[in-house]
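S.K.: So here's model_32.cif (mmCIF, C-alpha atoms and all ligand atoms).
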```cif
data_input
#
loop_
_atom_site.label_atom_id
_atom_site.label_comp_id
_atom_site.auth_asym_id
_atom_site.auth_seq_id
_atom_site.Cartn_x
_atom_site.Cartn_y
_atom_site.Cartn_z
CA MET A 1 50.60 46.55 236.96
CA ASN A 2 53.58 48.06 238.75
CA ALA A 3 53.90 47.83 242.53
CA PRO A 4 53.07 50.93 244.62
CA LEU A 5 56.07 53.05 245.62
CA GLU A 6 57.45 52.26 249.09
CA ASN A 7 60.00 55.08 249.23
CA ASP A 8 58.91 58.30 247.52
CA LEU A 9 61.25 60.70 249.38
CA TYR A 10 62.97 61.66 246.13
CA LEU A 11 59.70 62.53 244.35
CA ARG A 12 58.39 64.43 247.36
CA ALA A 13 61.62 66.41 247.76
CA LEU A 14 61.49 67.39 244.08
CA ASN A 15 57.96 68.57 244.72
CA ARG A 16 59.36 70.65 247.60
CA GLU A 17 57.25 68.77 250.14
CA ALA A 18 58.46 68.22 253.70
CA VAL A 19 60.41 64.95 254.11
CA GLU A 20 61.58 62.93 257.13
CA ARG A 21 65.16 63.03 255.83
CA THR A 22 66.99 64.25 252.74
CA PRO A 23 66.86 61.72 249.89
CA VAL A 24 70.18 60.76 248.33
CA TRP A 25 71.30 59.24 245.05
CA VAL A 26 74.54 59.62 243.10
CA MET A 27 75.22 60.54 239.49
CA ARG A 28 76.93 57.56 237.78
CA GLN A 29 76.01 55.41 240.77
CA ALA A 30 76.23 52.28 238.59
CA GLY A 31 79.77 52.23 237.26
CA ARG A 32 83.36 51.16 237.34
CA TYR A 33 84.06 52.04 240.99
CA LEU A 34 81.90 48.99 241.86
CA PRO A 35 83.59 45.56 241.53
CA GLU A 36 80.17 43.98 240.92
CA TYR A 37 79.67 46.37 237.96
CA LYS A 38 83.04 45.44 236.48
CA ARG A 39 82.09 41.77 236.64
CA VAL A 40 78.86 42.27 234.68
CA ARG A 41 80.59 44.65 232.25
CA ALA A 42 83.20 41.95 231.54
CA GLN A 43 80.43 39.42 231.02
CA ALA A 44 78.74 41.75 228.50
CA GLY A 45 82.02 42.22 226.59
CA ASN A 46 81.65 45.96 226.01
CA PHE A 47 79.71 48.93 227.26
CA MET A 48 77.11 49.09 224.46
CA ASN A 49 76.37 45.35 224.84
CA LEU A 50 75.66 46.06 228.48
CA CYS A 51 73.33 48.97 227.61
CA SER A 52 71.48 46.97 224.99
CA ASN A 53 70.85 43.89 227.16
CA PRO A 54 67.79 44.74 229.34
CA GLU A 55 68.52 42.00 231.92
CA LEU A 56 72.15 43.05 232.40
CA ALA A 57 71.27 46.78 232.33
CA CYS A 58 68.69 46.04 235.02
CA GLU A 59 71.20 44.08 237.08
CA VAL A 60 73.75 46.93 237.16
CA THR A 61 71.03 49.53 237.81
CA LEU A 62 70.03 47.67 240.97
CA GLN A 63 73.59 47.05 242.23
CA PRO A 64 74.03 50.46 243.92
CA ILE A 65 70.45 50.33 245.26
CA ASP A 66 71.18 46.99 246.93
CA ARG A 67 74.58 48.05 248.23
CA PHE A 68 73.83 51.58 249.49
CA ASN A 69 70.05 51.74 249.92
CA LEU A 70 69.85 54.85 247.77
CA ASP A 71 66.55 56.69 247.41
CA ALA A 72 66.35 56.61 243.60
CA ALA A 73 67.50 54.33 240.80
CA ILE A 74 68.72 55.71 237.47
CA LEU A 75 68.34 53.84 234.21
CA PHE A 76 71.61 52.26 233.16
CA SER A 77 72.27 53.61 229.69
CA ASP A 78 74.13 56.53 228.13
CA ILE A 79 73.31 59.93 226.68
CA LEU A 80 74.99 58.91 223.41
CA THR A 81 72.36 56.28 222.52
CA ILE A 82 70.47 58.96 220.55
CA PRO A 83 73.30 59.95 218.16
CA ASP A 84 74.05 56.23 217.80
CA ALA A 85 70.42 55.65 216.75
CA MET A 86 70.80 58.56 214.30
CA GLY A 87 73.51 56.52 212.55
CA LEU A 88 76.72 58.07 213.93
CA GLU A 89 78.12 54.66 214.94
CA LEU A 90 79.06 54.96 218.60
CA ALA A 91 81.95 52.91 219.96
CA PHE A 92 83.61 52.83 223.37
CA GLU A 93 87.21 51.65 223.13
CA THR A 94 88.61 50.33 226.41
CA GLY A 95 90.45 53.01 228.31
CA GLU A 96 89.23 55.71 225.95
CA GLY A 97 86.05 57.76 225.92
CA PRO A 98 83.25 57.52 223.37
CA LYS A 99 84.04 57.80 219.65
CA PHE A 100 81.75 58.21 216.64
CA GLY A 101 82.59 56.42 213.40
CA LYS A 102 80.56 58.94 211.40
CA PRO A 103 80.69 62.34 213.13
CA ILE A 104 78.82 65.37 211.77
CA LYS A 105 81.03 67.32 209.35
CA THR A 106 78.81 69.15 206.88
CA ARG A 107 75.41 70.75 206.47
CA ALA A 108 74.43 67.75 204.34
CA ASP A 109 75.26 65.44 207.29
CA VAL A 110 72.91 67.47 209.49
CA ASP A 111 70.13 67.49 206.89
CA ALA A 112 70.40 63.73 206.45
CA LEU A 113 70.09 62.98 210.20
CA PRO A 114 66.89 61.16 211.08
CA VAL A 115 64.95 61.89 214.28
CA PRO A 116 64.85 58.34 215.66
CA ASP A 117 61.61 56.67 216.66
CA PRO A 118 62.29 55.63 220.28
CA ASN A 119 60.13 52.54 219.90
CA ASP A 120 62.21 51.37 216.99
CA SER A 121 66.00 51.83 217.06
CA LEU A 122 65.93 52.73 220.78
CA GLN A 123 63.52 50.01 221.84
CA TYR A 124 66.33 48.35 223.82
CA VAL A 125 66.39 51.37 226.15
CA MET A 126 62.62 51.18 226.66
CA ASP A 127 62.93 47.45 227.37
CA ALA A 128 65.59 48.22 229.99
CA VAL A 129 63.27 50.83 231.58
CA SER A 130 60.32 48.45 231.83
CA THR A 131 62.51 45.60 233.09
CA ILE A 132 64.11 47.78 235.78
CA ARG A 133 60.77 49.21 236.85
CA ARG A 134 59.37 45.69 237.26
CA GLU A 135 62.41 44.44 239.19
CA LEU A 136 62.50 47.49 241.44
CA ASN A 137 59.07 46.37 242.53
CA GLY A 138 58.27 49.76 244.08
CA ARG A 139 61.39 50.06 246.25
CA VAL A 140 62.44 53.47 244.94
CA PRO A 141 61.52 55.62 241.93
CA LEU A 142 63.26 55.14 238.58
CA ILE A 143 64.88 58.14 236.91
CA GLY A 144 65.03 58.24 233.11
CA PHE A 145 67.48 60.59 231.41
CA SER A 146 68.96 62.08 228.30
CA GLY A 147 71.69 64.51 227.31
CA SER A 148 70.80 68.09 226.41
CA PRO A 149 70.69 68.95 222.69
CA TRP A 150 73.86 71.06 223.03
CA THR A 151 75.80 68.41 224.99
CA LEU A 152 74.83 65.76 222.43
CA ALA A 153 75.89 68.12 219.62
CA THR A 154 79.35 68.56 221.16
CA TYR A 155 79.99 64.81 220.91
CA MET A 156 78.34 64.54 217.46
CA VAL A 157 80.46 67.32 215.93
CA GLU A 158 83.72 66.66 217.80
CA GLY A 159 83.38 62.92 217.12
CA GLY A 160 83.99 62.14 220.80
CA GLY A 161 85.08 63.91 223.97
CA SER A 162 86.90 67.23 223.66
CA LYS A 163 88.92 69.68 225.75
CA ASP A 164 88.56 72.84 223.67
CA PHE A 165 85.39 72.13 221.63
CA SER A 166 87.11 73.62 218.58
CA LYS A 167 84.90 71.93 215.98
CA VAL A 168 81.50 72.56 217.55
CA LYS A 169 82.42 76.11 218.56
CA GLY A 170 83.90 76.65 215.11
CA LEU A 171 80.51 75.67 213.72
CA LEU A 172 78.72 77.93 216.21
CA PHE A 173 80.70 80.97 215.08
CA SER A 174 80.97 80.18 211.36
CA ASP A 175 77.60 78.63 210.55
CA PRO A 176 75.17 79.06 213.47
CA LYS A 177 72.17 78.20 211.24
CA THR A 178 73.44 74.68 210.66
CA LEU A 179 74.08 74.23 214.37
CA HIS A 180 70.51 75.38 215.09
CA VAL A 181 69.13 72.80 212.65
CA LEU A 182 71.14 70.11 214.47
CA LEU A 183 70.00 71.30 217.90
CA GLU A 184 66.37 71.39 216.76
CA LYS A 185 66.61 67.77 215.61
CA ASN A 186 68.30 66.77 218.87
CA ALA A 187 65.56 68.52 220.86
CA GLN A 188 62.87 66.60 218.99
CA ALA A 189 64.72 63.33 219.40
CA VAL A 190 65.25 63.91 223.14
CA THR A 191 61.59 64.86 223.68
CA HIS A 192 60.33 61.68 221.99
CA TYR A 193 62.96 59.60 223.78
CA LEU A 194 62.13 60.90 227.25
CA ASN A 195 58.38 60.60 226.69
CA ALA A 196 58.89 57.00 225.59
CA GLN A 197 60.89 56.36 228.80
CA VAL A 198 57.96 57.71 230.84
CA GLU A 199 55.62 55.49 228.85
CA ALA A 200 57.89 52.51 229.63
CA GLY A 201 57.90 53.30 233.36
CA ALA A 202 60.33 56.13 234.22
CA GLN A 203 58.96 58.11 237.19
CA ALA A 204 61.25 61.14 236.97
CA LEU A 205 63.50 62.62 234.29
CA MET A 206 66.88 64.29 234.23
CA ILE A 207 68.58 66.19 231.41
CA PHE A 208 72.39 66.25 231.55
CA ASP A 209 73.86 69.40 230.06
CA THR A 210 77.43 68.49 230.87
CA TRP A 211 78.93 71.03 228.47
CA GLY A 212 76.53 74.00 228.66
CA GLY A 213 79.01 75.66 230.99
CA VAL A 214 81.62 76.09 228.25
CA LEU A 215 79.39 78.64 226.47
CA SER A 216 79.26 82.42 226.97
CA PRO A 217 76.10 83.68 228.69
CA THR A 218 74.31 84.74 225.51
CA ASN A 219 75.33 81.61 223.66
CA TYR A 220 74.26 79.45 226.61
CA GLN A 221 70.76 80.87 226.27
CA ALA A 222 70.62 80.60 222.48
CA PHE A 223 72.34 77.23 221.96
CA SER A 224 71.64 75.25 225.11
CA LEU A 225 68.90 76.62 227.35
CA HIS A 226 66.51 77.41 224.49
CA TYR A 227 66.54 73.78 223.39
CA MET A 228 66.11 72.45 226.92
CA GLN A 229 63.09 74.76 227.15
CA LEU A 230 61.60 73.15 224.01
CA ILE A 231 62.05 69.74 225.65
CA VAL A 232 60.52 70.77 229.00
CA ASP A 233 57.53 72.18 227.07
CA GLY A 234 57.07 68.89 225.20
CA LEU A 235 57.40 66.40 228.06
CA THR A 236 54.75 64.19 229.58
CA ARG A 237 54.60 65.52 233.14
CA GLN A 238 52.12 63.08 234.68
CA ALA A 239 52.08 59.27 234.84
CA ASP A 240 50.37 56.70 237.09
CA GLY A 241 48.44 59.58 238.69
CA ARG A 242 51.69 61.26 239.83
CA LYS A 243 53.79 64.13 238.65
CA VAL A 244 56.90 63.15 236.67
CA PRO A 245 59.46 65.70 237.90
CA VAL A 246 62.12 66.99 235.52
CA THR A 247 65.61 68.02 236.68
CA LEU A 248 67.98 70.09 234.54
CA PHE A 249 71.70 69.98 235.21
CA THR A 250 74.13 72.32 233.49
CA LYS A 251 77.60 71.65 234.84
CA ASN A 252 79.32 74.97 235.55
CA GLY A 253 75.94 76.64 235.06
CA GLY A 254 75.53 78.18 238.53
CA GLN A 255 75.25 81.71 237.17
CA TRP A 256 72.19 80.70 235.10
CA LEU A 257 70.11 78.90 237.74
CA ASP A 258 67.52 81.70 237.64
CA LEU A 259 67.06 81.31 233.88
CA MET A 260 66.97 77.53 234.18
CA ALA A 261 64.28 77.68 236.89
CA LYS A 262 62.11 79.76 234.53
CA THR A 263 61.87 76.84 232.08
CA GLY A 264 59.23 75.31 234.35
CA CYS A 265 61.37 72.35 235.40
CA ASP A 266 61.01 70.87 238.89
CA GLY A 267 64.61 70.53 239.98
CA LEU A 268 68.05 71.91 239.20
CA GLY A 269 71.31 70.04 239.57
CA VAL A 270 74.06 72.14 241.16
CA ASP A 271 77.77 71.38 240.87
CA TRP A 272 80.20 71.96 243.76
CA THR A 273 81.49 75.30 242.53
CA MET A 274 78.52 77.08 244.08
CA ASP A 275 77.33 77.04 247.67
CA LEU A 276 73.74 75.71 247.95
CA ALA A 277 72.58 78.77 249.89
CA ASP A 278 73.74 80.98 247.01
CA ALA A 279 72.22 78.55 244.52
CA ARG A 280 68.89 78.86 246.35
CA LYS A 281 69.05 82.66 246.23
CA ARG A 282 69.77 82.60 242.54
CA ALA A 283 67.25 79.87 241.61
CA GLY A 284 64.34 81.24 243.64
CA ASP A 285 61.66 79.14 245.34
CA THR A 286 59.93 77.36 242.46
CA VAL A 287 62.43 74.51 242.08
CA ALA A 288 64.12 71.85 244.19
CA LEU A 289 67.93 71.70 244.22
CA GLN A 290 70.07 68.62 243.75
CA GLY A 291 73.67 68.43 244.88
CA ASN A 292 76.37 69.24 245.51
CA LEU A 293 79.25 67.46 247.26
CA ASP A 294 82.56 67.69 245.36
CA PRO A 295 83.06 64.13 244.02
CA SER A 296 86.72 64.31 245.11
CA VAL A 297 85.63 64.47 248.75
CA LEU A 298 85.18 60.70 248.46
CA TYR A 299 88.98 60.36 248.13
CA GLY A 300 89.31 61.76 251.66
CA SER A 301 89.05 60.06 255.05
CA PRO A 302 85.70 58.85 256.42
CA GLU A 303 85.79 61.61 259.02
CA SER A 304 86.36 64.33 256.43
CA ILE A 305 83.56 62.87 254.27
CA ARG A 306 81.20 63.19 257.24
CA GLN A 307 82.25 66.79 257.83
CA GLU A 308 81.82 67.72 254.16
CA VAL A 309 78.36 66.09 254.04
CA LYS A 310 77.40 68.14 257.09
CA LYS A 311 78.56 71.32 255.34
CA VAL A 312 76.44 70.61 252.25
CA LEU A 313 73.35 69.86 254.34
CA HIS A 314 73.99 72.97 256.41
CA SER A 315 74.46 75.19 253.35
CA TYR A 316 71.05 74.07 252.09
CA GLY A 317 69.39 74.54 255.48
CA ASP A 318 66.06 73.25 256.78
CA ALA A 319 63.74 74.26 253.96
CA PRO A 320 62.19 71.45 251.91
CA GLY A 321 63.32 70.78 248.33
CA HIS A 322 66.79 69.27 248.68
CA VAL A 323 67.99 66.09 246.98
CA PHE A 324 71.49 65.15 248.12
CA ASN A 325 73.92 64.15 245.37
CA LEU A 326 77.47 64.73 244.23
CA GLY A 327 78.07 67.82 242.10
CA HIS A 328 78.98 65.54 239.18
CA GLY A 329 79.44 61.81 238.55
CA ILE A 330 81.28 59.58 241.02
CA HIS A 331 84.88 58.91 239.98
CA GLN A 332 86.08 55.53 238.81
CA PHE A 333 88.76 55.10 241.50
CA VAL A 334 86.67 55.88 244.58
CA ASN A 335 86.50 53.24 247.32
CA PRO A 336 82.84 52.14 247.45
CA GLU A 337 83.02 52.01 251.25
CA HIS A 338 83.51 55.76 251.20
CA LEU A 339 80.19 56.12 249.44
CA THR A 340 78.61 54.08 252.25
CA VAL A 341 80.08 56.61 254.71
CA MET A 342 78.58 59.48 252.67
CA VAL A 343 75.11 57.93 252.40
CA GLU A 344 75.01 57.09 256.11
CA ALA A 345 76.11 60.60 257.01
CA VAL A 346 73.31 62.09 254.88
CA ARG A 347 70.81 59.86 256.73
CA GLU A 348 72.21 60.65 260.16
CA PHE A 349 72.57 64.40 259.80
CA SER A 350 69.35 65.09 257.90
CA THR A 351 66.86 63.01 259.90
CA LYS A 352 64.23 65.32 261.36
O1 LIG B 401 74.34 57.40 236.45
C1 LIG B 401 74.21 56.20 236.20
O2 LIG B 401 74.59 55.29 236.97
C2 LIG B 401 73.46 55.80 234.94
C3 LIG B 401 74.24 55.60 233.78
C4 LIG B 401 74.92 56.73 233.02
C5 LIG B 401 76.08 56.49 232.26
N1 LIG B 401 76.37 57.61 231.55
C6 LIG B 401 76.81 55.21 232.24
C7 LIG B 401 78.19 55.20 231.73
C8 LIG B 401 74.56 58.07 232.81
C9 LIG B 401 73.44 58.86 233.44
C10 LIG B 401 75.48 58.60 231.86
C11 LIG B 401 75.40 59.97 231.33
C12 LIG B 401 76.47 60.48 230.49
N2 LIG B 401 77.20 59.82 229.54
C13 LIG B 401 76.86 61.84 230.46
C14 LIG B 401 76.23 62.95 231.26
C15 LIG B 401 76.61 62.93 232.68
C16 LIG B 401 78.03 63.32 232.94
O3 LIG B 401 78.75 62.46 233.47
O4 LIG B 401 78.39 64.47 232.67
C17 LIG B 401 77.88 61.97 229.52
C18 LIG B 401 78.63 63.24 229.16
C19 LIG B 401 78.09 60.68 228.92
C20 LIG B 401 79.01 60.33 227.83
C21 LIG B 401 79.97 59.29 228.22
N3 LIG B 401 79.64 57.99 228.49
C22 LIG B 401 81.34 59.44 228.43
C23 LIG B 401 82.11 60.74 228.25
C24 LIG B 401 81.84 58.20 228.81
C25 LIG B 401 83.26 57.81 229.05
C26 LIG B 401 83.74 58.46 230.30
C27 LIG B 401 84.38 57.47 231.19
O5 LIG B 401 84.15 57.61 232.40
O6 LIG B 401 85.10 56.60 230.68
C28 LIG B 401 80.77 57.31 228.89
C29 LIG B 401 80.82 55.89 229.27
C30 LIG B 401 79.98 55.46 230.42
N4 LIG B 401 78.67 55.79 230.60
C31 LIG B 401 80.38 54.60 231.48
C32 LIG B 401 79.26 54.44 232.31
C33 LIG B 401 79.15 53.56 233.52
C34 LIG B 401 81.74 53.94 231.63
C35 LIG B 401 81.87 52.97 230.51
C36 LIG B 401 82.44 51.62 230.87
O7 LIG B 401 81.87 50.88 231.70
O8 LIG B 401 83.45 51.30 230.24
#
```
Take the structure from the file and write it as structure tokens.
M.R.:
Amino acid sequence: MNAPLENDLYLRALNREAVERTPVWVMRQAGRYLPEYKRVRAQAGNFMNLCSNPELACEVTLQPIDRFNLDAAILFSDILTIPDAMGLELAFETGEGPKFGKPIKTRADVDALPVPDPNDSLQYVMDAVSTIRRELNGRVPLIGFSGSPWTLATYMVEGGGSKDFSKVKGLLFSDPKTLHVLLEKNAQAVTHYLNAQVEAGAQALMIFDTWGGVLSPTNYQAFSLHYMQLIVDGLTRQADGRKVPVTLFTKNGGQWLDLMAKTGCDGLGVDWTMDLADARKRAGDTVALQGNLDPSVLYGSPESIRQEVKKVLHSYGDAPGHVFNLGHGIHQFVNPEHLTVMVEAVREFSTK
């Protein structure tokens, strides 16, 4: 049996219920800006060893909760675990981004891709979820996550990170059918994977569509949003007698918040390129909003961080349904004490 939840501000805010203060967590909150993370990462040897060791993954998940008293924990893992489990051979070289040993090159590669059973080749992720949930002991809710089918496909076809997305966009415009087959498989894999995370103890879910914003409006709908819709439709939305809220985040997707809200998700992540008041107008009143401080604000002085936090809270206003976050992941070279300043400012300025 898992302990009852002591702090459910995050879940209540996503449900657009009134809260005493605005909950706050940070994308990439466990990571290289924390010296305690770097120590455990060195102990693990490499990033995938860290992800696949439930005790160490649990330890780094809890580090930012202990240090900053954040209102939600996020599973320590990566979106690229799914393509790795499909056989693409993920590696993280030091100082470089992710690389696949066997990227997708042909239609035959796509046809041969298995949809992984999450309780088989991804069991290590489920073990991390259940370990973290147990160790959290009800302090704050645990967020499970995955990449969107499109964002996963960009890495699978490019073979790693990309600036121009020439290969995956080349495929989109030369052989869209093959890309659709790949996206359909990714959508199935993500749905099973997220449902297994809920089964293992995740209390909320987030889908990262980091690269949806590089698509044209019609292609965004056809190649990214459509597949996120399939996932939302297939997710377990209730566990332990509570709703399991789902947040969608398309970076650079501000212009599509209305379409994203129509998927039936509970929350939308907003990056810093859109004011939250405008985001609210566009998204309508059926979803909560998460965001949206520019991550670079944390390079500024404590006083400017406080002012910028105030602006974000003010742009959202007094209505319920706000989860404070950065507009994208925290940068590697940020001083962790600046994050303390941010979190304390959110507490101070949002307390009712
Ligand atoms: O937020 C958290 O604290 C939970 C853990 C988490 C990681 N990656 C850990 C990680 C989450 C939620 C992710 C998601 C992820 N991974 C995304 C979507 C979110 C986003 O940032 O847009 C993407 C696109 C990836 C793919 C990925 N993983 C890249 C491009 C990289 C290298 C980038 C870099 O900063 O070097 C990773 C590696 C990675 N994932 C690290 C961490 C802490 C750094 C690896 C290390 O410790 O060496």
S.K.: Write out as number ranges by chain each polymer residue (protein, DNA or RNA) that has an atom no more than 9 Å from ligand LIG 401 (chain B), with only C-alpha atoms and all ligand atoms counted.
M.R.: A: 26-32, 37-38, 41, 46-48, 50-51, 60-61, 64, 73-80, 92-98, 144-148, 151-152, 155, 160-161, 206-211, 249-251, 328-332
S.K.: For Gln307 in chain A, which residue among A:Asp66, A:Glu158, A:Asp111, A:Glu348 is the nearest when counting only C-alpha atoms?
M.R.: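 Looking only at the distances to Gln307 in chain A, the closest residue turns out to be A:Glu348.
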S.K.: What lies within 12 Å of Glu17 in chain A using only C-alpha atoms, ignoring chain neighbours under 3 positions off, as a PyMOL selection string?
M.R.: chain A and resi 8-14+20-23+286-288+318-323
S.K.: Find, counting all atoms listed in the file, the residue in A:Lys243, A:Thr191, A:Val270, A:Pro176 that gets nearest to Ile231 in chain A.
M.R.: A:Thr191
S.K.: Could you state the separation of CA of Thr218 in chain A and CA of Val115 in chain A in Å, given to one decimal place?
M.R.: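 Interatomic distance here is 27.1 Å.
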S.K.: For each of A:Pro149, A:Pro141, A:Gly327, A:Pro295, take the minimum atom-to-atom distance to Pro245 in chain A, counting all atoms listed in the file, then give the residue where this is smallest.
M.R.: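 Among A:Pro149, A:Pro141, A:Gly327, A:Pro295, it is A:Pro141 that comes nearest to Pro245 in chain A.
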S.K.: Of the candidates A:Gly234, A:Pro103, A:Gly241, A:Pro336, which one gets nearest to Thr154 in chain A if we count all atoms listed in the file?
M.R.: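 For Thr154 in chain A, the nearest of the candidates is A:Pro103.
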S.K.: Quick one: of A:Leu276, A:Leu171, A:Asp285, A:Ala239, who's nearest to Ala261 in chain A, counting all atoms listed in the file?
M.R.: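 For Ala261 in chain A, the nearest of the given residues is A:Asp285.
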S.K.: Could you jot down the CA of Lys169 in chain A to CA of Val110 in chain A separation for me, Å, one decimal place?
M.R.: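 Between CA of Lys169 in chain A and CA of Val110 in chain A the gap is 15.7 Å.
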S.K.: For a test of reading the model, state the distance in Å between CA of Tyr193 in chain A and CA of Gln63 in chain A, rounded to one decimal.
M.R.: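 So the answer is 24.7 Å.
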S.K.: Might you pull out every residue within 12 Å of Leu339 in chain A, with all atoms listed in the file counted and same-chain residues fewer than 5 positions away left off, and present them as a compact mmCIF listing (two decimals) with C-alpha atoms, in the frame of the given file?
M.R.:
```
# COMPACT_ATOMS: atom_id res chain seq x y z
CA VAL A 24 70.18 60.76 248.33
CA TRP A 25 71.30 59.24 245.05
CA VAL A 26 74.54 59.62 243.10
CA MET A 27 75.22 60.54 239.49
CA GLN A 29 76.01 55.41 240.77
CA TYR A 33 84.06 52.04 240.99
CA LEU A 34 81.90 48.99 241.86
CA PRO A 64 74.03 50.46 243.92
CA ARG A 67 74.58 48.05 248.23
CA PHE A 68 73.83 51.58 249.49
CA ASN A 69 70.05 51.74 249.92
CA LEU A 70 69.85 54.85 247.77
CA LEU A 293 79.25 67.46 247.26
CA PRO A 295 83.06 64.13 244.02
CA SER A 296 86.72 64.31 245.11
CA VAL A 297 85.63 64.47 248.75
CA LEU A 298 85.18 60.70 248.46
CA TYR A 299 88.98 60.36 248.13
CA GLY A 300 89.31 61.76 251.66
CA SER A 301 89.05 60.06 255.05
CA PRO A 302 85.70 58.85 256.42
CA ILE A 305 83.56 62.87 254.27
CA ARG A 306 81.20 63.19 257.24
CA VAL A 309 78.36 66.09 254.04
CA ASN A 325 73.92 64.15 245.37
CA LEU A 326 77.47 64.73 244.23
CA ILE A 330 81.28 59.58 241.02
CA HIS A 331 84.88 58.91 239.98
CA PHE A 333 88.76 55.10 241.50
CA VAL A 334 86.67 55.88 244.58
CA GLU A 344 75.01 57.09 256.11
CA ALA A 345 76.11 60.60 257.01
CA VAL A 346 73.31 62.09 254.88
```
S.K.: Looking at A:Gly45, A:Ala277, A:Ser130, A:Lys105, which one is nearest to Gly170 in chain A, with distances taken over all atoms listed in the file?
M.R.: A:Lys105
S.K.: Can you find the residues with an atom no farther than 12 Å from (59.6, 47.9, 224.0), counting only C-alpha atoms, and report them as number ranges by chain?
M.R.: A: 52, 54, 117-131, 196-197, 199-201
S.K.: Could you work out an axis-aligned bounding box for all listed atoms of range 321-338 of chain A, with 8 Å added on each of the six sides, and give its centre and edge lengths in Å to one decimal, as lines of an AutoDock Vina configuration file?
M.R.:
```
center_x = 76.0
center_y = 61.4
center_z = 244.9
size_x = 41.4
size_y = 34.8
size_z = 28.7
```
S.K.: Need the shell around Gly264 in chain A: protein/DNA/RNA residues with any atom at most 10 Å away, counting all atoms listed in the file. Skip same-chain ones fewer than 3 positions apart. Format as a list of chain:residue names?
M.R.: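 Final neighbour list, sorted by chain and number: A:Gln229, A:Val232, A:Asp233, A:Val246, A:Thr247, A:Leu259, A:Met260, A:Ala261, A:Gly267, A:Thr286, A:Val287.
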S.K.: May I have the residues within 12 Å of Leu230 in chain A as a PyMOL selection string, using all atoms listed in the file and disregarding those fewer than 3 positions away in the same chain?
M.R.: chain A and resi 148-149+183-192+222-227+233-235+263-265
